[in-house]
Amino acid sequence: MDIELRGAAAPGGWPEPGCRCASCGRLRAAGTRHGPFAAVVDGVPLDDLPRTDVHGGYEVCAPRGGRALVAAAPGARPEPVRGVAYEAVLLDLVGSPEHLGYLRHVGAVTSRTEILAVHVDHRVSSPAELERRTAFWRRPDHGPFRTLLLGGTRSGKSAEAELRLAACADVLYVATGPSGDGDPEWADRVTAHRLRRPAWWRTVETTDLAGVLESATGAVLVDGIGTWLAAAMDEAGAWERPSLAGPLLDDLVSAWRATEARVVAVSEEVGLSLVPATASGRAFGDLLGGLNQRLAAESEEAALVVAGRVLELE
């Protein structure tokens, strides 16, 4: 199946006429315009091919054989026909990257499926940002591959971690913090995170992070290293004697280095916070800063997230 995109944007094009958002403004300033979605399949315009409607879109049969699943509009999530593995999918990856994960989860998208982003518009900041994201979404679910995402409070680091793994067929979400029992505000935060994650992701609440890394082989999201460290210091009685936490930190770094999983872990960048007023707080900051450095040294990728924007660290 040979697919040529003549345009990949939403019906109004990108930039959208009259829109004053930053995304559209950047393209206008650069003198760039992307036309509405149109494609040619095996030399035949997509709109001229026979189609079968499905919920959220349609599927077409290519003139030279093969089936493609197409999203009908921005925000649409086409439901695959049961038992069909598609040669190509044309999806709204800007609005619903997790739908690609769902299609992989049910077997409709395989390693041989061509994946194209369509209905692209100002929901993404720039073509370069879309290219950055699609590189993550085309990456194999398995590892070994380690990514450490650092950032301050409410920087967007957890959302970036979820975005990087959104298109995986299966993700193990490792929550290392408390469940929120007895703390309504924290419970609300936990609930918001759960609702944001795809329904087919698996969740485990544990502080045995080294054990998870040693046994996992697929995609793993760890949120986060700071809450794990607090639990480790409790376990080792290290708040007054930080050196007691050393063996637990060594075990985690060893498991991180040896893992076969594709891991994305979130951690707080201590350099963005105030110097703690207590000795125990300073000990925590010192240990976390050192642990971040050790994990970053053993990572294929590390990035700093600030105000929702990502700076890759070399």
# chains A, B, ... in the order shown; residues from 1 in each chain; ligands from 1
>>> residues_around(residues="Pro11 of chain A", least_positions_apart="2", cutoff="10 Å", atoms="only C-alpha atoms", output="PyMOL selection string")
chain A and resi 7-9+13-14+16+35-38+73-74+119-121
>>> residues_around(residues="Trp228 of chain A", least_positions_apart="6", cutoff="12 Å", atoms="only C-alpha atoms", output="ChimeraX atom specification")
/A:174-178,205-210,222,234-235,245,248-249,252,265-268,284,287-288,291
>>> residues_around(residues="Trp239 of chain A", least_positions_apart="4", cutoff="12 Å", atoms="only C-alpha atoms", output="list in words")
Leu229, Ala230, Ala231, Ala232, Met233, Asp234, Glu235, Ser243, Leu244, Ala245, Thr278, Ala279, Ser280, Gly281, Arg282, Ala283, Phe284, Gly285, Asp286 and Leu287 of chain A
>>> write_last_selection(atoms="N, CA and C atoms", output="short mmCIF file (atom, residue, chain, number, x, y, z; two decimals), in the first residue's frame")
data_model
loop_
_atom_site.label_atom_id
_atom_site.label_comp_id
_atom_site.auth_asym_id
_atom_site.auth_seq_id
_atom_site.Cartn_x
_atom_site.Cartn_y
_atom_site.Cartn_z
N LEU A 229 12.05 7.73 47.32
CA LEU A 229 13.15 8.02 48.23
C LEU A 229 12.65 8.30 49.65
N ALA A 230 11.54 9.03 49.77
CA ALA A 230 10.99 9.29 51.10
C ALA A 230 10.62 7.99 51.79
N ALA A 231 10.02 7.06 51.05
CA ALA A 231 9.67 5.76 51.63
C ALA A 231 10.92 4.97 51.98
N ALA A 232 11.95 5.04 51.13
CA ALA A 232 13.19 4.33 51.42
C ALA A 232 13.87 4.87 52.67
N MET A 233 13.82 6.18 52.87
CA MET A 233 14.42 6.76 54.07
C MET A 233 13.64 6.35 55.31
N ASP A 234 12.32 6.25 55.18
CA ASP A 234 11.52 5.73 56.30
C ASP A 234 11.93 4.30 56.63
N GLU A 235 12.04 3.48 55.58
CA GLU A 235 12.36 2.07 55.78
C GLU A 235 13.73 1.88 56.43
N SER A 243 23.20 8.13 55.61
CA SER A 243 24.03 7.06 55.04
C SER A 243 23.36 5.70 55.11
N LEU A 244 22.38 5.55 56.01
CA LEU A 244 21.69 4.27 56.13
C LEU A 244 20.87 3.94 54.88
N ALA A 245 20.53 4.96 54.10
CA ALA A 245 19.75 4.74 52.87
C ALA A 245 20.62 4.29 51.71
N THR A 278 15.24 22.37 57.67
CA THR A 278 15.55 21.33 58.63
C THR A 278 16.68 20.44 58.11
N ALA A 279 17.38 19.79 59.05
CA ALA A 279 18.46 18.89 58.67
C ALA A 279 17.94 17.71 57.87
N SER A 280 16.77 17.17 58.26
CA SER A 280 16.22 16.03 57.54
C SER A 280 15.81 16.43 56.13
N GLY A 281 15.28 17.65 55.98
CA GLY A 281 14.93 18.13 54.65
C GLY A 281 16.15 18.31 53.77
N ARG A 282 17.23 18.82 54.35
CA ARG A 282 18.47 18.97 53.57
C ARG A 282 19.04 17.60 53.21
N ALA A 283 18.93 16.64 54.11
CA ALA A 283 19.41 15.29 53.81
C ALA A 283 18.64 14.68 52.64
N PHE A 284 17.32 14.88 52.65
CA PHE A 284 16.50 14.36 51.55
C PHE A 284 16.93 15.00 50.23
N GLY A 285 17.10 16.32 50.23
CA GLY A 285 17.51 17.01 49.00
C GLY A 285 18.87 16.54 48.50
N ASP A 286 19.80 16.34 49.42
CA ASP A 286 21.13 15.88 49.02
C ASP A 286 21.06 14.47 48.40
N LEU A 287 20.29 13.59 49.06
CA LEU A 287 20.18 12.22 48.54
C LEU A 287 19.48 12.19 47.19
#
>>> closest_residue(among="A:Glu162, A:Asp48, A:Glu185, A:Glu4", to="Trp201 of chain A", atoms="only C-alpha atoms")
A:Glu162
>>> select_by_dssp(residues="segment 1-177 of chain A", states="helix (DSSP H, G or I)", output="ChimeraX atom specification")
/A:22-30,46-48,97-105,127-137,157-164
>>> write_last_selection(atoms="C-alpha atoms", output="PDB file, in the first residue's frame")
ATOM      1  CA  ALA A  22       0.651  30.924  19.462  1.00  0.00           C
ATOM      2  CA  SER A  23       0.750  27.788  17.307  1.00  0.00           C
ATOM      3  CA  CYS A  24      -0.970  29.488  14.381  1.00  0.00           C
ATOM      4  CA  GLY A  25       1.051  32.645  14.979  1.00  0.00           C
ATOM      5  CA  ARG A  26       4.349  30.785  14.667  1.00  0.00           C
ATOM      6  CA  LEU A  27       3.379  29.312  11.308  1.00  0.00           C
ATOM      7  CA  ARG A  28       2.175  32.653   9.967  1.00  0.00           C
ATOM      8  CA  ALA A  29       5.421  34.294  11.054  1.00  0.00           C
ATOM      9  CA  ALA A  30       7.347  31.587   9.208  1.00  0.00           C
ATOM     10  CA  LEU A  46      -8.723   8.508  -0.811  1.00  0.00           C
ATOM     11  CA  ASP A  47     -12.176  10.057  -1.258  1.00  0.00           C
ATOM     12  CA  ASP A  48     -12.714   7.985  -4.422  1.00  0.00           C
ATOM     13  CA  PRO A  97      -2.174   9.521  20.807  1.00  0.00           C
ATOM     14  CA  GLU A  98      -3.457   6.971  23.309  1.00  0.00           C
ATOM     15  CA  HIS A  99      -5.803   5.646  20.604  1.00  0.00           C
ATOM     16  CA  LEU A 100      -2.732   4.329  18.806  1.00  0.00           C
ATOM     17  CA  GLY A 101      -1.877   2.506  22.028  1.00  0.00           C
ATOM     18  CA  TYR A 102      -5.385   1.060  22.112  1.00  0.00           C
ATOM     19  CA  LEU A 103      -5.129  -0.147  18.500  1.00  0.00           C
ATOM     20  CA  ARG A 104      -1.838  -1.822  19.330  1.00  0.00           C
ATOM     21  CA  HIS A 105      -3.378  -3.279  22.488  1.00  0.00           C
ATOM     22  CA  PRO A 127       5.389  20.795  13.425  1.00  0.00           C
ATOM     23  CA  ALA A 128       8.688  20.231  15.236  1.00  0.00           C
ATOM     24  CA  GLU A 129       6.836  19.359  18.437  1.00  0.00           C
ATOM     25  CA  LEU A 130       4.648  16.871  16.576  1.00  0.00           C
ATOM     26  CA  GLU A 131       7.767  15.289  15.080  1.00  0.00           C
ATOM     27  CA  ARG A 132       9.281  15.048  18.577  1.00  0.00           C
ATOM     28  CA  ARG A 133       6.206  13.259  19.891  1.00  0.00           C
ATOM     29  CA  THR A 134       5.772  10.867  16.991  1.00  0.00           C
ATOM     30  CA  ALA A 135       9.362   9.709  17.468  1.00  0.00           C
ATOM     31  CA  PHE A 136       8.341   8.453  20.930  1.00  0.00           C
ATOM     32  CA  TRP A 137       5.129   6.884  19.639  1.00  0.00           C
ATOM     33  CA  LYS A 157       6.810  16.314  34.057  1.00  0.00           C
ATOM     34  CA  SER A 158       4.184  13.638  34.811  1.00  0.00           C
ATOM     35  CA  ALA A 159       2.117  14.643  31.781  1.00  0.00           C
ATOM     36  CA  GLU A 160       5.258  14.477  29.619  1.00  0.00           C
ATOM     37  CA  ALA A 161       6.019  10.991  30.940  1.00  0.00           C
ATOM     38  CA  GLU A 162       2.501   9.817  30.096  1.00  0.00           C
ATOM     39  CA  LEU A 163       2.729  11.438  26.657  1.00  0.00           C
ATOM     40  CA  ARG A 164       5.945   9.571  25.816  1.00  0.00           C
TER      41      ARG A 164
END
>>> atom_distance(atom1="atom CA of Ala68 of chain A", atom2="atom CA of Val220 of chain A")
29.8 Å
>>> select_by_dssp(residues="segment 189-309 of chain A", states="strand (DSSP E or B)", output="ChimeraX atom specification")
/A:202-205,219-223,262-268,301-306,309
>>> closest_residue(among="A:Gly211, A:Pro140, A:Pro242, A:Pro15", to="Ser126 of chain A", atoms="only C-alpha atoms")
A:Pro15
>>> closest_residue(among="A:Ala219, A:Val204, A:Ile3, A:Leu304", to="Ile115 of chain A", atoms="only C-alpha atoms")
A:Ile3
>>> residues_around(residues="Glu79 of chain A", least_positions_apart="6", cutoff="10 Å", atoms="only C-alpha atoms", output="MDAnalysis selection string")
chainID A and resid 53:59 69:71 99 102:103 108
>>> atom_distance(atom1="atom CA of Val60 of chain A", atom2="atom CA of Ala199 of chain A")
28.1 Å
>>> atom_distance(atom1="atom CA of Ser111 of chain A", atom2="atom CA of Ala167 of chain A")
12.5 Å
>>> closest_residue(among="A:Glu300, A:Arg146, A:Ala236, A:Gly218", to="Trp256 of chain A", atoms="only C-alpha atoms")
A:Arg146
>>> residues_around(residues="Gly152 of chain A", least_positions_apart="6", cutoff="12 Å", atoms="only C-alpha atoms", output="PyMOL selection string")
chain A and resi 158+226+266-274+304-309
>>> write_last_selection(atoms="all heavy atoms", output="CSV table (one decimal), in the first residue's frame")
chain,number,residue,atom,x,y,z
A,158,SER,N,5.0,14.9,34.8
A,158,SER,CA,4.2,13.6,34.8
A,158,SER,C,3.4,13.5,33.5
A,158,SER,O,3.3,12.5,32.9
A,158,SER,CB,3.2,13.6,36.0
A,158,SER,OG,3.9,13.5,37.2
A,226,GLY,N,11.1,10.8,43.8
A,226,GLY,CA,11.1,11.5,45.1
A,226,GLY,C,10.3,10.8,46.2
A,226,GLY,O,10.7,10.7,47.3
A,266,VAL,N,9.9,9.8,36.6
A,266,VAL,CA,9.7,11.2,36.9
A,266,VAL,C,10.4,11.4,38.2
A,266,VAL,O,10.3,10.7,39.2
A,266,VAL,CB,8.2,11.5,37.0
A,266,VAL,CG1,8.0,12.9,37.6
A,266,VAL,CG2,7.5,11.4,35.7
A,267,SER,N,11.1,12.6,38.3
A,267,SER,CA,11.8,12.9,39.6
A,267,SER,C,11.8,14.4,39.7
A,267,SER,O,11.8,15.2,38.7
A,267,SER,CB,13.2,12.4,39.7
A,267,SER,OG,13.8,12.5,40.9
A,268,GLU,N,11.9,14.9,41.0
A,268,GLU,CA,11.9,16.3,41.2
A,268,GLU,C,13.4,16.8,41.1
A,268,GLU,O,14.3,16.2,41.5
A,268,GLU,CB,11.5,16.6,42.7
A,268,GLU,CG,10.0,16.3,42.9
A,268,GLU,CD,9.7,14.8,43.1
A,268,GLU,OE1,10.7,14.0,43.3
A,268,GLU,OE2,8.5,14.5,43.1
A,269,GLU,N,13.5,17.9,40.4
A,269,GLU,CA,14.8,18.6,40.3
A,269,GLU,C,15.0,19.5,41.5
A,269,GLU,O,14.4,20.5,41.7
A,269,GLU,CB,14.9,19.4,39.0
A,269,GLU,CG,16.2,20.3,38.9
A,269,GLU,CD,17.4,19.5,39.2
A,269,GLU,OE1,17.7,18.5,38.6
A,269,GLU,OE2,18.2,20.0,40.1
A,270,VAL,N,15.9,19.0,42.4
A,270,VAL,CA,16.0,19.7,43.7
A,270,VAL,C,16.6,21.1,43.6
A,270,VAL,O,16.4,22.0,44.5
A,270,VAL,CB,16.8,18.9,44.7
A,270,VAL,CG1,16.1,17.6,45.0
A,270,VAL,CG2,18.2,18.6,44.1
A,271,GLY,N,17.3,21.4,42.5
A,271,GLY,CA,17.9,22.7,42.3
A,271,GLY,C,16.9,23.8,42.1
A,271,GLY,O,17.2,25.0,42.1
A,272,LEU,N,15.6,23.4,41.8
A,272,LEU,CA,14.6,24.4,41.6
A,272,LEU,C,13.8,24.8,42.9
A,272,LEU,O,12.9,25.6,42.8
A,272,LEU,CB,13.6,23.8,40.6
A,272,LEU,CG,14.1,23.5,39.2
A,272,LEU,CD1,13.1,23.0,38.3
A,272,LEU,CD2,14.7,24.8,38.6
A,273,SER,N,14.1,24.1,44.0
A,273,SER,CA,13.4,24.4,45.2
A,273,SER,C,14.2,25.2,46.2
A,273,SER,O,15.4,25.3,46.1
A,273,SER,CB,12.9,23.0,45.8
A,273,SER,OG,14.0,22.3,46.2
A,274,LEU,N,13.5,25.6,47.3
A,274,LEU,CA,14.2,26.3,48.4
A,274,LEU,C,15.1,25.4,49.2
A,274,LEU,O,14.8,24.2,49.2
A,274,LEU,CB,13.2,27.0,49.3
A,274,LEU,CG,12.3,28.1,48.7
A,274,LEU,CD1,11.2,28.5,49.7
A,274,LEU,CD2,13.1,29.3,48.2
A,304,LEU,N,14.6,18.0,31.1
A,304,LEU,CA,14.1,18.9,32.1
A,304,LEU,C,12.8,19.5,31.6
A,304,LEU,O,12.8,20.1,30.5
A,304,LEU,CB,15.1,20.0,32.4
A,304,LEU,CG,14.7,21.1,33.5
A,304,LEU,CD1,14.6,20.5,34.9
A,304,LEU,CD2,15.8,22.2,33.5
A,305,VAL,N,11.8,19.4,32.4
A,305,VAL,CA,10.5,20.0,32.0
A,305,VAL,C,10.2,21.3,32.8
A,305,VAL,O,10.2,21.3,34.1
A,305,VAL,CB,9.3,19.0,32.3
A,305,VAL,CG1,8.0,19.5,31.8
A,305,VAL,CG2,9.6,17.6,31.6
A,306,VAL,N,10.0,22.4,32.2
A,306,VAL,CA,9.7,23.7,32.8
A,306,VAL,C,8.5,24.3,32.1
A,306,VAL,O,8.5,24.5,30.9
A,306,VAL,CB,10.9,24.6,32.6
A,306,VAL,CG1,10.7,25.9,33.3
A,306,VAL,CG2,12.2,24.0,33.2
A,307,ALA,N,7.5,24.6,32.9
A,307,ALA,CA,6.3,25.2,32.4
A,307,ALA,C,5.7,24.5,31.2
A,307,ALA,O,5.2,25.0,30.2
A,307,ALA,CB,6.5,26.7,32.0
A,308,GLY,N,5.8,23.1,31.3
A,308,GLY,CA,5.2,22.3,30.3
A,308,GLY,C,6.1,22.1,29.0
A,308,GLY,O,5.7,21.4,28.1
A,309,ARG,N,7.2,22.8,29.0
A,309,ARG,CA,8.1,22.7,27.9
A,309,ARG,C,9.3,21.9,28.2
A,309,ARG,O,9.8,21.8,29.4
A,309,ARG,CB,8.6,24.1,27.4
A,309,ARG,CG,7.4,24.9,26.9
A,309,ARG,CD,7.8,26.1,26.1
A,309,ARG,NE,6.7,26.9,25.5
A,309,ARG,CZ,6.8,27.8,24.6
A,309,ARG,NH1,8.0,28.2,24.2
A,309,ARG,NH2,5.8,28.5,24.2
>>> residues_around(residues="Glu301 of chain A", least_positions_apart="2", cutoff="7 Å", atoms="only C-alpha atoms", output="PDB file with C-alpha atoms, in the first residue's frame")
ATOM      1  CA  ARG A 146      15.678   4.444  30.167  1.00  0.00           C
ATOM      2  CA  THR A 147      14.374   8.017  30.341  1.00  0.00           C
ATOM      3  CA  LEU A 148      14.621  10.314  33.376  1.00  0.00           C
ATOM      4  CA  SER A 299      19.847   6.737  31.064  1.00  0.00           C
ATOM      5  CA  ALA A 303      15.119  15.902  30.057  1.00  0.00           C
TER       6      ALA A 303
END
